[in-house]
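**Q** Please find one structure pasted underneath; my questions will follow.
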Amino acid sequence: MESFIKTTEQASNYRHLEQMTVMEILTNINQEDKLVPAAIEKAIPQIEELTAAVVDKMLAGGRLFYLGAGTSGRLGILDASEIPPTFGLPFGLVIGLIAGGTEAIQKPVEQAEDDWDQGWKDLLEYDINEKDVVIGIAASGTTPYVIGALQKANDKNIITGAITCNQGSPLAAAARFPVEVVVGPEFITGSTRMKSGTAQKLVLNMISTTAMIQIGRVEDNKMVNMQLTNSKLIDRGTKMVMEGTGIKEYEVAQKLLVEFGSVKKATDAYLRK
């Protein structure tokens with residue numbers, strides 16, 4: 001597992017950070033962050049292949065699982081948790097799992113990520129099957145919790161993907177559709193919550209957003225299936241209904257929206273009259 005070079009663990013390009021001014025620290029972090037989009041751009045062909053596989057499985061009734069430890073696990077949970085309110089997809093179709101369980105979302109759980117078998121056990125709790133896709137997330141590309149789960153999934157003919165920030169990692173080797181976003185050494189040596197975490201978050205945004213558009217949860221450029229969970233979203237939805245139906249009165253559009261529960265349902269109902 002140590003036969004490849006972990007660029008995520010290489011020494012920072014900056015020295016004596018404690019001697020920098022606040023402005024210098026912020027500027028240097030920003031300079032490093034600018035490298036992330038370029039690294040992702042190089043990986044777009046890999047991201048395309050993985051996303052296409054996700055779309056195919058979801059259109060066929062499958063689910064998307066994210067699996068990770070530490071920051072990577074939390075990012076997967078974050079992305080999964082935003083799908084229902086943003087796109088109106090039922091809970092349980094995009095699922096984030098983290099080594100150590102729910103306790104690990106807020107604080108580290110000792111050695112949870114070192115268990116080769118637990119990731120697969122966690123997936124079995126959800127009756128994982130061939131309809132589903134599992135994406136392992138690990139900046140290092142060496143997390144046993146994630147690699148072990150992907151290897152088991154492969155054995156069961158389940159589509160596997162990976163998001164990692166090292167080239168040629170064991171995780172990439174274990175995934176049918178690996179995504180390798182090599183962002184280089186971190187500003188603080190080994191602190192992969194920084195550039196690597198940013199890269200993972202952006203890639204997750206790309207995969208899930210593209211998938212939701214492809215399976216019909218977006219119309220034109222609008223979140224027509226978003227959940228109306230607060231006044232801001234009700235106001236946004238009301239204006240979308242007005243635009244989609246030609247209704248001029250705000251109160252009429254809002255009443256229609258609240259009655260049907262989503263922009264799409266309200267607009268479709270009005271246009272069918």
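We name chains A, B, ... following the order of the structure tokens; residues begin at 1 in each chain, and ligands are numbered from 1 as shown.
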I'd like the contact shell of region 198-200 of chain A - 10 Å cut-off, only C-alpha atoms, skipping same-chain residues fewer than 2 positions apart - returned as a PyMOL selection string.
**A** chain A and resi 33+35-37+39-40+71-72+75-76+137-139+163-165+179-183+192-196+202-206
**Q** Produce a file of the selected residues containing N, CA and C atoms, as a short mmCIF file (atom, residue, chain, number, x, y, z; two decimals), in the first residue's frame.
**A**
data_model
loop_
_atom_site.label_atom_id
_atom_site.label_comp_id
_atom_site.auth_asym_id
_atom_site.auth_seq_id
_atom_site.Cartn_x
_atom_site.Cartn_y
_atom_site.Cartn_z
N ASP A 33 -5.49 27.18 -3.16
CA ASP A 33 -6.85 26.82 -3.55
C ASP A 33 -7.09 27.02 -5.04
N LEU A 35 -5.32 26.16 -7.35
CA LEU A 35 -4.84 25.00 -8.10
C LEU A 35 -5.91 23.91 -8.24
N VAL A 36 -6.93 23.97 -7.39
CA VAL A 36 -7.91 22.90 -7.35
C VAL A 36 -8.73 22.77 -8.64
N PRO A 37 -9.33 23.85 -9.16
CA PRO A 37 -10.13 23.70 -10.38
C PRO A 37 -9.35 23.14 -11.56
N ALA A 39 -6.86 21.05 -11.41
CA ALA A 39 -6.67 19.62 -11.18
C ALA A 39 -7.96 18.86 -11.49
N ILE A 40 -9.09 19.43 -11.14
CA ILE A 40 -10.38 18.79 -11.44
C ILE A 40 -10.62 18.75 -12.95
N THR A 71 -12.83 13.59 7.18
CA THR A 71 -13.33 14.65 6.32
C THR A 71 -14.04 14.08 5.09
N SER A 72 -13.46 13.06 4.48
CA SER A 72 -14.05 12.47 3.28
C SER A 72 -15.44 11.91 3.56
N LEU A 75 -17.93 14.80 4.03
CA LEU A 75 -18.29 15.43 2.76
C LEU A 75 -19.34 14.60 2.00
N GLY A 76 -19.20 13.28 2.06
CA GLY A 76 -20.19 12.41 1.44
C GLY A 76 -21.55 12.55 2.09
N ILE A 137 -14.63 7.49 -0.96
CA ILE A 137 -13.98 8.80 -0.93
C ILE A 137 -12.83 8.75 0.07
N ALA A 138 -11.62 9.02 -0.39
CA ALA A 138 -10.45 9.03 0.50
C ALA A 138 -9.34 9.81 -0.18
N ALA A 139 -8.96 10.93 0.43
CA ALA A 139 -7.91 11.76 -0.17
C ALA A 139 -6.63 10.95 -0.36
N ILE A 163 -13.11 8.63 -5.33
CA ILE A 163 -12.59 9.99 -5.44
C ILE A 163 -11.38 10.07 -4.52
N THR A 164 -10.21 10.28 -5.10
CA THR A 164 -8.97 10.34 -4.32
C THR A 164 -8.08 11.44 -4.87
N CYS A 165 -7.11 11.86 -4.08
CA CYS A 165 -6.23 12.97 -4.48
C CYS A 165 -4.78 12.52 -4.65
N VAL A 179 -11.71 8.33 -9.83
CA VAL A 179 -11.48 9.74 -10.14
C VAL A 179 -10.29 10.19 -9.31
N GLU A 180 -9.22 10.61 -9.98
CA GLU A 180 -7.99 11.01 -9.30
C GLU A 180 -7.75 12.49 -9.55
N VAL A 181 -7.92 13.29 -8.50
CA VAL A 181 -7.73 14.74 -8.58
C VAL A 181 -6.48 15.08 -7.77
N VAL A 182 -5.36 15.27 -8.44
CA VAL A 182 -4.07 15.45 -7.77
C VAL A 182 -3.82 16.93 -7.57
N VAL A 183 -4.06 17.39 -6.35
CA VAL A 183 -3.95 18.82 -6.04
C VAL A 183 -2.59 19.20 -5.46
N THR A 192 -5.37 17.30 4.77
CA THR A 192 -6.19 17.07 3.57
C THR A 192 -7.61 17.60 3.70
N ARG A 193 -7.95 18.21 4.82
CA ARG A 193 -9.24 18.91 4.91
C ARG A 193 -9.22 20.18 4.06
N MET A 194 -8.02 20.55 3.57
CA MET A 194 -7.88 21.80 2.84
C MET A 194 -8.08 21.58 1.34
N LYS A 195 -7.04 21.60 0.53
CA LYS A 195 -7.22 21.47 -0.93
C LYS A 195 -7.90 20.16 -1.31
N SER A 196 -7.49 19.07 -0.70
CA SER A 196 -8.07 17.77 -1.05
C SER A 196 -9.55 17.75 -0.72
N LEU A 202 -16.08 19.62 -4.55
CA LEU A 202 -16.44 20.07 -5.89
C LEU A 202 -16.81 18.89 -6.80
N VAL A 203 -16.07 17.81 -6.71
CA VAL A 203 -16.36 16.64 -7.53
C VAL A 203 -17.71 16.03 -7.13
N LEU A 204 -17.99 15.96 -5.85
CA LEU A 204 -19.28 15.46 -5.40
C LEU A 204 -20.41 16.34 -5.91
N ASN A 205 -20.22 17.66 -5.86
CA ASN A 205 -21.22 18.58 -6.43
C ASN A 205 -21.47 18.25 -7.90
N MET A 206 -20.40 18.03 -8.63
CA MET A 206 -20.51 17.76 -10.07
C MET A 206 -21.27 16.48 -10.33
#
**Q** Residues of region 250-272 of chain A that approach region 207-224 of chain A to 7 Å or less, counting only C-alpha atoms: could you list each one with the shortest pair of atoms and its distance in Å to one decimal, rows by chain and increasing residue number, as CSV?
**A**
residue,atom,partner,partner_atom,distance
A:Ser262,CA,A:Val224,CA,6.6
A:Val263,CA,A:Val224,CA,4.9
A:Lys264,CA,A:Val224,CA,5.1
**Q** Using only C-alpha atoms, determine which residues lie at most 9 Å from Leu271 (chain A), disregarding the query and same-chain residues fewer than 3 positions distant; provide the list as a PyMOL selection string.
**A** chain A and resi 244-245+266-268
**Q** Give me the region 60-146 of chain A side of the contact with region 170-175 of chain A, cut-off 10 Å, one line per residue showing its nearest atom pair and distance in Å at one decimal, counting only C-alpha atoms, sorted by chain and residue number, as JSON lines.
**A**
{"residue": "A:Val134", "atom": "CA", "partner": "A:Ala175", "partner_atom": "CA", "distance": 9.2}
{"residue": "A:Ile135", "atom": "CA", "partner": "A:Ala175", "partner_atom": "CA", "distance": 8.2}
{"residue": "A:Gly136", "atom": "CA", "partner": "A:Leu171", "partner_atom": "CA", "distance": 7.8}
{"residue": "A:Ile137", "atom": "CA", "partner": "A:Leu171", "partner_atom": "CA", "distance": 8.6}
{"residue": "A:Ala138", "atom": "CA", "partner": "A:Leu171", "partner_atom": "CA", "distance": 7.8}
{"residue": "A:Ala139", "atom": "CA", "partner": "A:Leu171", "partner_atom": "CA", "distance": 9.6}
{"residue": "A:Ser140", "atom": "CA", "partner": "A:Leu171", "partner_atom": "CA", "distance": 8.5}
{"residue": "A:Gly141", "atom": "CA", "partner": "A:Leu171", "partner_atom": "CA", "distance": 4.7}
{"residue": "A:Thr142", "atom": "CA", "partner": "A:Pro170", "partner_atom": "CA", "distance": 5.9}
{"residue": "A:Thr143", "atom": "CA", "partner": "A:Leu171", "partner_atom": "CA", "distance": 7.6}
{"residue": "A:Pro144", "atom": "CA", "partner": "A:Leu171", "partner_atom": "CA", "distance": 8.8}
{"residue": "A:Val146", "atom": "CA", "partner": "A:Leu171", "partner_atom": "CA", "distance": 7.6}
**Q** May I have the residues from that selection written out with N, CA and C atoms, as an mmCIF file, in the first residue's frame?
**A**
data_model
loop_
_atom_site.group_PDB
_atom_site.id
_atom_site.type_symbol
_atom_site.label_atom_id
_atom_site.label_comp_id
_atom_site.auth_asym_id
_atom_site.auth_seq_id
_atom_site.Cartn_x
_atom_site.Cartn_y
_atom_site.Cartn_z
ATOM 1 N N VAL A 134 -21.582 2.384 -5.461
ATOM 2 C CA VAL A 134 -20.842 2.780 -4.262
ATOM 3 C C VAL A 134 -19.635 3.607 -4.675
ATOM 4 N N ILE A 135 -19.536 4.819 -4.143
ATOM 5 C CA ILE A 135 -18.376 5.678 -4.397
ATOM 6 C C ILE A 135 -17.576 5.814 -3.109
ATOM 7 N N GLY A 136 -16.353 5.327 -3.133
ATOM 8 C CA GLY A 136 -15.464 5.462 -1.997
ATOM 9 C C GLY A 136 -14.704 6.780 -2.084
ATOM 10 N N ILE A 137 -14.634 7.490 -0.963
ATOM 11 C CA ILE A 137 -13.980 8.801 -0.929
ATOM 12 C C ILE A 137 -12.831 8.748 0.070
ATOM 13 N N ALA A 138 -11.618 9.015 -0.387
ATOM 14 C CA ALA A 138 -10.453 9.029 0.501
ATOM 15 C C ALA A 138 -9.339 9.813 -0.175
ATOM 16 N N ALA A 139 -8.957 10.931 0.426
ATOM 17 C CA ALA A 139 -7.907 11.759 -0.166
ATOM 18 C C ALA A 139 -6.628 10.952 -0.355
ATOM 19 N N SER A 140 -6.260 10.174 0.658
ATOM 20 C CA SER A 140 -5.022 9.395 0.602
ATOM 21 C C SER A 140 -5.098 8.260 -0.402
ATOM 22 N N GLY A 141 -6.292 7.700 -0.563
ATOM 23 C CA GLY A 141 -6.461 6.526 -1.418
ATOM 24 C C GLY A 141 -6.017 5.240 -0.754
ATOM 25 N N THR A 142 -5.858 5.273 0.578
ATOM 26 C CA THR A 142 -5.352 4.085 1.288
ATOM 27 C C THR A 142 -6.230 3.668 2.469
ATOM 28 N N THR A 143 -7.405 4.234 2.617
ATOM 29 C CA THR A 143 -8.241 3.971 3.790
ATOM 30 C C THR A 143 -8.841 2.566 3.743
ATOM 31 N N PRO A 144 -8.478 1.683 4.663
ATOM 32 C CA PRO A 144 -8.966 0.299 4.645
ATOM 33 C C PRO A 144 -10.497 0.192 4.684
ATOM 34 N N VAL A 146 -12.678 1.990 3.388
ATOM 35 C CA VAL A 146 -13.237 2.269 2.068
ATOM 36 C C VAL A 146 -12.803 1.215 1.050
#
**Q** Region 55-63 of chain A: which residues within 6 Å, counting only C-alpha atoms, same-chain residues fewer than 4 positions away excluded, as number ranges by chain?
**A** A: 93-94, 131-132, 211
